[in-house]
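Participant: Structure: structure21.tsv, TSV, C-alpha atoms and all ligand atoms.
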```tsv
chain	number	residue	atom	x	y	z
A	1	MET	CA	158.66	165.75	90.52
A	2	PRO	CA	160.61	162.49	90.69
A	3	GLY	CA	164.15	162.70	92.00
A	4	ILE	CA	166.10	162.51	95.21
A	5	LEU	CA	167.35	165.30	97.46
A	6	LEU	CA	170.43	165.60	99.68
A	7	GLY	CA	169.73	163.87	102.98
A	8	ASP	CA	167.02	161.57	101.59
A	9	VAL	CA	167.38	157.85	102.25
A	10	PHE	CA	168.39	156.37	98.90
A	11	PRO	CA	165.72	153.88	97.71
A	12	ASN	CA	166.50	150.26	98.52
A	13	PHE	CA	165.70	149.23	94.95
A	14	GLU	CA	166.01	145.74	93.48
A	15	ALA	CA	167.73	145.50	90.12
A	16	ASN	CA	169.26	143.11	87.63
A	17	THR	CA	172.94	143.74	87.16
A	18	THR	CA	175.95	142.20	85.47
A	19	LEU	CA	176.67	140.47	88.81
A	20	GLY	CA	173.09	139.17	89.26
A	21	LYS	CA	170.08	140.51	91.13
A	22	ILE	CA	170.85	142.98	93.92
A	23	LYS	CA	169.04	144.93	96.63
A	24	PHE	CA	170.87	148.25	96.82
A	25	HIS	CA	171.26	148.55	100.60
A	26	ASP	CA	172.44	144.94	100.88
A	27	TYR	CA	174.91	145.58	98.07
A	28	LEU	CA	176.33	148.58	99.96
A	29	GLU	CA	176.51	146.82	103.35
A	30	ASP	CA	178.21	149.38	105.67
A	31	SER	CA	180.23	151.05	102.92
A	32	TRP	CA	179.84	154.34	101.17
A	33	GLY	CA	178.44	154.00	97.64
A	34	VAL	CA	178.72	155.75	94.30
A	35	LEU	CA	176.05	155.12	91.69
A	36	PHE	CA	176.88	156.59	88.30
A	37	SER	CA	174.62	156.41	85.27
A	38	HIS	CA	175.47	156.75	81.59
A	39	PRO	CA	173.27	157.25	78.53
A	40	LYS	CA	173.92	154.15	76.45
A	41	ASP	CA	176.21	151.15	76.04
A	42	PHE	CA	178.51	150.99	73.00
A	43	THR	CA	178.93	154.79	72.86
A	44	PRO	CA	182.28	156.60	72.84
A	45	VAL	CA	182.23	158.96	75.84
A	46	CYS	CA	180.61	156.29	78.05
A	47	THR	CA	183.35	153.83	77.08
A	48	THR	CA	186.07	156.27	78.17
A	49	GLU	CA	184.23	157.01	81.43
A	50	LEU	CA	183.64	153.41	82.46
A	51	GLY	CA	187.20	152.57	81.44
A	52	ARG	CA	188.50	155.29	83.75
A	53	ALA	CA	186.13	154.23	86.54
A	54	ALA	CA	187.44	150.65	86.24
A	55	ARG	CA	191.08	151.84	86.40
A	56	LEU	CA	190.26	153.86	89.53
A	57	ALA	CA	188.45	150.99	91.31
A	58	GLY	CA	191.36	150.59	93.77
A	59	GLU	CA	191.06	154.28	94.76
A	60	PHE	CA	187.33	153.88	95.49
A	61	GLN	CA	188.03	150.67	97.43
A	62	LYS	CA	190.70	152.46	99.53
A	63	ARG	CA	187.99	154.95	100.53
A	64	ASN	CA	185.53	152.15	101.37
A	65	VAL	CA	183.23	153.18	98.49
A	66	LYS	CA	181.33	150.54	96.53
A	67	MET	CA	180.83	151.45	92.89
A	68	ILE	CA	177.81	150.63	90.73
A	69	ALA	CA	176.99	151.85	87.20
A	70	LEU	CA	173.60	152.10	85.49
A	71	SER	CA	172.09	152.55	82.06
A	72	ILE	CA	168.87	151.69	80.30
A	73	ASP	CA	170.42	148.77	78.37
A	74	SER	CA	170.07	145.04	79.12
A	75	VAL	CA	172.47	142.86	81.13
A	76	GLU	CA	173.37	141.12	77.87
A	77	ASP	CA	174.37	144.45	76.29
A	78	HIS	CA	176.30	145.47	79.41
A	79	LEU	CA	178.27	142.21	79.33
A	80	GLY	CA	179.02	142.57	75.61
A	81	TRP	CA	180.08	146.20	76.03
A	82	SER	CA	182.24	145.34	79.09
A	83	LYS	CA	184.55	143.48	76.69
A	84	ASP	CA	185.08	146.70	74.71
A	85	ILE	CA	185.74	148.65	77.93
A	86	ASN	CA	188.32	146.11	79.06
A	87	PHE	CA	189.96	146.14	75.65
A	88	TYR	CA	190.01	149.97	75.68
A	89	ASN	CA	191.81	149.72	79.05
A	90	GLY	CA	194.38	147.30	77.64
A	91	GLU	CA	192.94	144.46	79.76
A	92	PRO	CA	191.82	141.01	78.57
A	93	ALA	CA	188.37	141.51	77.01
A	94	SER	CA	186.95	138.64	79.07
A	95	ALA	CA	187.89	140.26	82.42
A	96	THR	CA	185.10	141.13	84.86
A	97	LEU	CA	184.67	144.86	85.46
A	98	PRO	CA	185.36	145.76	89.12
A	99	PHE	CA	181.77	146.98	89.61
A	100	PRO	CA	178.33	145.80	88.49
A	101	ILE	CA	176.25	147.65	85.87
A	102	ILE	CA	172.51	147.92	86.54
A	103	ALA	CA	170.19	147.05	83.63
A	104	ASP	CA	167.42	149.65	84.00
A	105	ASP	CA	165.87	148.61	80.69
A	106	LYS	CA	162.35	149.67	81.76
A	107	ARG	CA	163.71	153.06	82.95
A	108	GLU	CA	162.04	152.54	86.33
A	109	LEU	CA	165.02	153.76	88.35
A	110	ALA	CA	165.86	156.44	85.82
A	111	ILE	CA	162.37	157.91	86.30
A	112	GLN	CA	162.27	157.41	90.09
A	113	LEU	CA	165.66	159.12	90.58
A	114	GLY	CA	165.17	161.87	87.96
A	115	MET	CA	168.01	160.65	85.74
A	116	LEU	CA	166.49	161.08	82.27
A	117	ASP	CA	167.96	163.65	79.86
A	118	PRO	CA	165.13	165.06	77.71
A	119	ASP	CA	167.64	166.30	75.12
A	120	GLU	CA	169.10	162.85	74.36
A	121	ARG	CA	166.77	160.22	72.94
A	122	ASP	CA	167.06	156.74	71.51
A	123	LYS	CA	165.95	155.80	67.98
A	124	ASP	CA	162.33	155.53	69.24
A	125	GLY	CA	162.45	159.05	70.70
A	126	ILE	CA	162.57	157.87	74.33
A	127	PRO	CA	164.94	159.86	76.64
A	128	LEU	CA	168.27	158.33	77.63
A	129	THR	CA	169.84	158.52	81.08
A	130	ALA	CA	172.01	161.56	81.83
A	131	ARG	CA	175.43	161.18	83.49
A	132	CYS	CA	174.33	161.26	87.14
A	133	VAL	CA	176.63	160.74	90.11
A	134	PHE	CA	175.05	159.87	93.45
A	135	VAL	CA	177.25	159.43	96.52
A	136	VAL	CA	175.51	157.59	99.35
A	137	GLY	CA	176.81	157.48	102.93
A	138	PRO	CA	176.99	154.44	105.21
A	139	ASP	CA	173.66	155.68	106.67
A	140	LYS	CA	172.18	155.14	103.15
A	141	ARG	CA	171.42	158.86	102.78
A	142	LEU	CA	172.28	160.89	99.70
A	143	LYS	CA	175.41	162.97	100.39
A	144	LEU	CA	176.03	164.40	96.91
A	145	SER	CA	174.50	164.44	93.46
A	146	ILE	CA	176.01	165.81	90.26
A	147	LEU	CA	174.24	165.77	86.93
A	148	TYR	CA	175.98	166.06	83.56
A	149	PRO	CA	174.38	166.00	80.13
A	150	ALA	CA	175.21	163.11	77.79
A	151	THR	CA	177.58	165.26	75.73
A	152	THR	CA	179.93	166.05	78.67
A	153	GLY	CA	182.05	163.25	80.11
A	154	ARG	CA	182.76	163.32	83.85
A	155	ASN	CA	186.06	163.85	85.65
A	156	PHE	CA	186.52	160.87	87.95
A	157	ASP	CA	189.40	162.58	89.80
A	158	GLU	CA	186.83	165.18	90.86
A	159	ILE	CA	184.48	162.44	92.06
A	160	LEU	CA	187.27	161.04	94.26
A	161	ARG	CA	188.07	164.57	95.48
A	162	VAL	CA	184.49	165.24	96.57
A	163	ILE	CA	184.35	161.85	98.28
A	164	ASP	CA	187.49	162.84	100.23
A	165	SER	CA	185.74	166.05	101.27
A	166	LEU	CA	182.48	164.27	102.16
A	167	GLN	CA	184.30	161.71	104.28
A	168	LEU	CA	186.39	164.35	106.06
A	169	THR	CA	183.43	166.64	106.78
A	170	ALA	CA	181.40	163.66	108.04
A	171	GLN	CA	184.07	163.22	110.76
A	172	LYS	CA	185.34	166.74	111.55
A	173	ARG	CA	183.46	170.00	111.99
A	174	VAL	CA	185.13	171.64	108.99
A	175	ALA	CA	184.25	172.60	105.43
A	176	THR	CA	186.60	172.33	102.46
A	177	PRO	CA	187.27	175.49	100.42
A	178	VAL	CA	187.49	175.99	96.69
A	179	ASP	CA	189.70	173.47	94.85
A	180	TRP	CA	190.58	171.77	98.15
A	181	LYS	CA	192.48	168.51	98.03
A	182	PRO	CA	193.47	166.16	100.87
A	183	GLY	CA	196.22	167.74	102.99
A	184	ASP	CA	195.14	171.33	102.21
A	185	ARG	CA	193.88	173.67	104.93
A	186	CYS	CA	190.18	173.49	105.80
A	187	MET	CA	187.66	176.09	106.93
A	188	VAL	CA	186.25	176.22	110.43
A	189	LEU	CA	182.44	176.07	110.20
A	190	PRO	CA	180.82	179.50	110.60
A	191	ASN	CA	178.55	178.34	113.44
A	192	ILE	CA	181.50	177.45	115.72
A	193	SER	CA	182.43	180.11	118.31
A	194	GLU	CA	186.03	181.32	118.75
A	195	GLU	CA	186.37	179.51	122.10
A	196	GLU	CA	184.95	176.26	120.75
A	197	ALA	CA	187.17	176.45	117.66
A	198	LYS	CA	190.28	176.82	119.84
A	199	ALA	CA	189.35	173.67	121.75
A	200	LEU	CA	188.36	171.69	118.65
A	201	PHE	CA	191.41	172.52	116.53
A	202	PRO	CA	194.58	172.31	118.66
A	203	ASP	CA	196.78	172.81	115.57
A	204	GLY	CA	195.45	176.35	115.36
A	205	VAL	CA	192.73	178.52	113.88
A	206	PHE	CA	193.94	181.20	111.49
A	207	PRO	CA	191.43	183.95	110.69
A	208	LYS	CA	191.96	186.10	107.61
A	209	ASP	CA	191.54	189.83	108.04
A	210	LEU	CA	188.82	191.18	105.77
A	211	PRO	CA	187.56	194.71	105.02
A	212	SER	CA	184.28	193.92	106.80
A	213	GLY	CA	186.20	193.25	110.02
A	214	LYS	CA	184.21	190.04	110.41
A	215	LYS	CA	186.28	186.99	111.34
A	216	TYR	CA	184.34	184.37	109.40
A	217	LEU	CA	187.14	183.19	107.09
A	218	ARG	CA	189.04	180.89	109.45
A	219	TYR	CA	191.51	178.27	108.30
A	220	THR	CA	192.68	175.24	110.23
A	221	PRO	CA	195.30	172.69	109.11
B	301	LIG	C1	178.65	159.04	74.29
B	301	LIG	O1	178.82	158.29	75.23
B	301	LIG	O2	179.55	159.31	73.49
B	301	LIG	C2	177.31	159.68	74.07
B	301	LIG	C3	176.16	159.00	74.39
B	301	LIG	C4	174.92	159.60	74.17
B	301	LIG	C5	174.87	160.88	73.64
B	301	LIG	C6	176.03	161.57	73.37
B	301	LIG	C7	177.27	160.97	73.58
```
As structure tokens, how would this structure be written, given the file I've shared?
Facilitator:
Amino acid sequence: MPGILLGDVFPNFEANTTLGKIKFHDYLEDSWGVLFSHPKDFTPVCTTELGRAARLAGEFQKRNVKMIALSIDSVEDHLGWSKDINFYNGEPASATLPFPIIADDKRELAIQLGMLDPDERDKDGIPLTARCVFVVGPDKRLKLSILYPATTGRNFDEILRVIDSLQLTAQKRVATPVDWKPGDRCMVLPNISEEEAKALFPDGVFPKDLPSGKKYLRYTP
């Protein structure tokens, strides 16, 4: 089964992009990375998604995350379509998008990374890429993957939110609860003892009483 699992080192692939040839690890340098694929250039949902991604580029940059898009179209198509995306965003059509787009026209990466959507095919019946999101850490390992079908556009606010959680939990021994956003309380990891938790979290550990009597639901600011 092709694909990539959490914790795997992301392949250091070479690819043609709208900013020239890249080697993925060199492109990332010491940053975090987000690679997001889309089914096809010159399609409506993809245009709204890449438009939103471009408008949020400053937010990704603030978090030290390098962005890169991918589809199975050519560099020439990507460059032509970029004009539509810029225009959709109210920017000059000739502007350069704030991230490169990989031209995976032979579907080599799409196959290697398990990105093809068998339900969406081009006019020759060949599968298109799904809407994958891969977040890669500075250690080049896969930290998160989310897979959407072609017919469901992504929520880029959610992608930023999970990056905030990934970056926090890479630094502190906490987990983020449902619907967490930066500034909200976190959860103390279940494998941390009461004594250790007290030492680790000087702002306090607040257990919630539960019918089981077990003190596993512990908040910390
Ligand atoms: C779209 O971007 O609108 C789209 C692309 C492929 C299949 C379905 C929707």
Participant: List the spatial neighbours of Val135 (chain A) as a ChimeraX atom specification - criterion: any atom at most 8 Å away, all atoms listed in the file, same-chain residues fewer than 2 positions off excluded.
Facilitator: /A:32-35,133,137,142-145,163
Participant: Could the residues that lie within 12 Å of ligand LIG 301 (chain B), counting only C-alpha atoms and all ligand atoms, be listed as a PyMOL selection string?
Facilitator: chain A and resi 37-51+71-72+116-123+127-131+148-154
Participant: Could you write out that same residue set with C-alpha atoms as a short mmCIF file (atom, residue, chain, number, x, y, z; two decimals), keeping the file's coordinate frame?
Facilitator:
```
data_model
loop_
_atom_site.label_atom_id
_atom_site.label_comp_id
_atom_site.auth_asym_id
_atom_site.auth_seq_id
_atom_site.Cartn_x
_atom_site.Cartn_y
_atom_site.Cartn_z
CA SER A 37 174.62 156.41 85.27
CA HIS A 38 175.47 156.75 81.59
CA PRO A 39 173.27 157.25 78.53
CA LYS A 40 173.92 154.15 76.45
CA ASP A 41 176.21 151.15 76.04
CA PHE A 42 178.51 150.99 73.00
CA THR A 43 178.93 154.79 72.86
CA PRO A 44 182.28 156.60 72.84
CA VAL A 45 182.23 158.96 75.84
CA CYS A 46 180.61 156.29 78.05
CA THR A 47 183.35 153.83 77.08
CA THR A 48 186.07 156.27 78.17
CA GLU A 49 184.23 157.01 81.43
CA LEU A 50 183.64 153.41 82.46
CA GLY A 51 187.20 152.57 81.44
CA SER A 71 172.09 152.55 82.06
CA ILE A 72 168.87 151.69 80.30
CA LEU A 116 166.49 161.08 82.27
CA ASP A 117 167.96 163.65 79.86
CA PRO A 118 165.13 165.06 77.71
CA ASP A 119 167.64 166.30 75.12
CA GLU A 120 169.10 162.85 74.36
CA ARG A 121 166.77 160.22 72.94
CA ASP A 122 167.06 156.74 71.51
CA LYS A 123 165.95 155.80 67.98
CA PRO A 127 164.94 159.86 76.64
CA LEU A 128 168.27 158.33 77.63
CA THR A 129 169.84 158.52 81.08
CA ALA A 130 172.01 161.56 81.83
CA ARG A 131 175.43 161.18 83.49
CA TYR A 148 175.98 166.06 83.56
CA PRO A 149 174.38 166.00 80.13
CA ALA A 150 175.21 163.11 77.79
CA THR A 151 177.58 165.26 75.73
CA THR A 152 179.93 166.05 78.67
CA GLY A 153 182.05 163.25 80.11
CA ARG A 154 182.76 163.32 83.85
#
```
Participant: Up to 7 Å from (158.7, 161.5, 87.3) in the file's coordinates: name the residues, counting only C-alpha atoms, as a PyMOL selection string.
Facilitator: chain A and resi 1-2+111-112+114
Participant: Of the candidates A:Val136, A:Leu217, A:Ile126, A:Ala175, which shows the shortest atom-to-atom distance to Asp8 (chain A), using all atoms listed in the file?
Facilitator: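 With all atoms listed in the file as the atom set, the closest residue is A:Val136.
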Participant: Please, what distance in Å, to one decimal, runs between CA of Arg218 (chain A) and CA of Ile146 (chain A)?
Facilitator: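 Taking CA of Arg218 (chain A) and CA of Ile146 (chain A), their separation equals 27.7 Å.
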Participant: Write out as a PyMOL selection string which residues come within 8 Å of Lys181 (chain A) when counting all atoms listed in the file, dropping same-chain ones fewer than 5 positions away.
Facilitator: chain A and resi 161+164-165
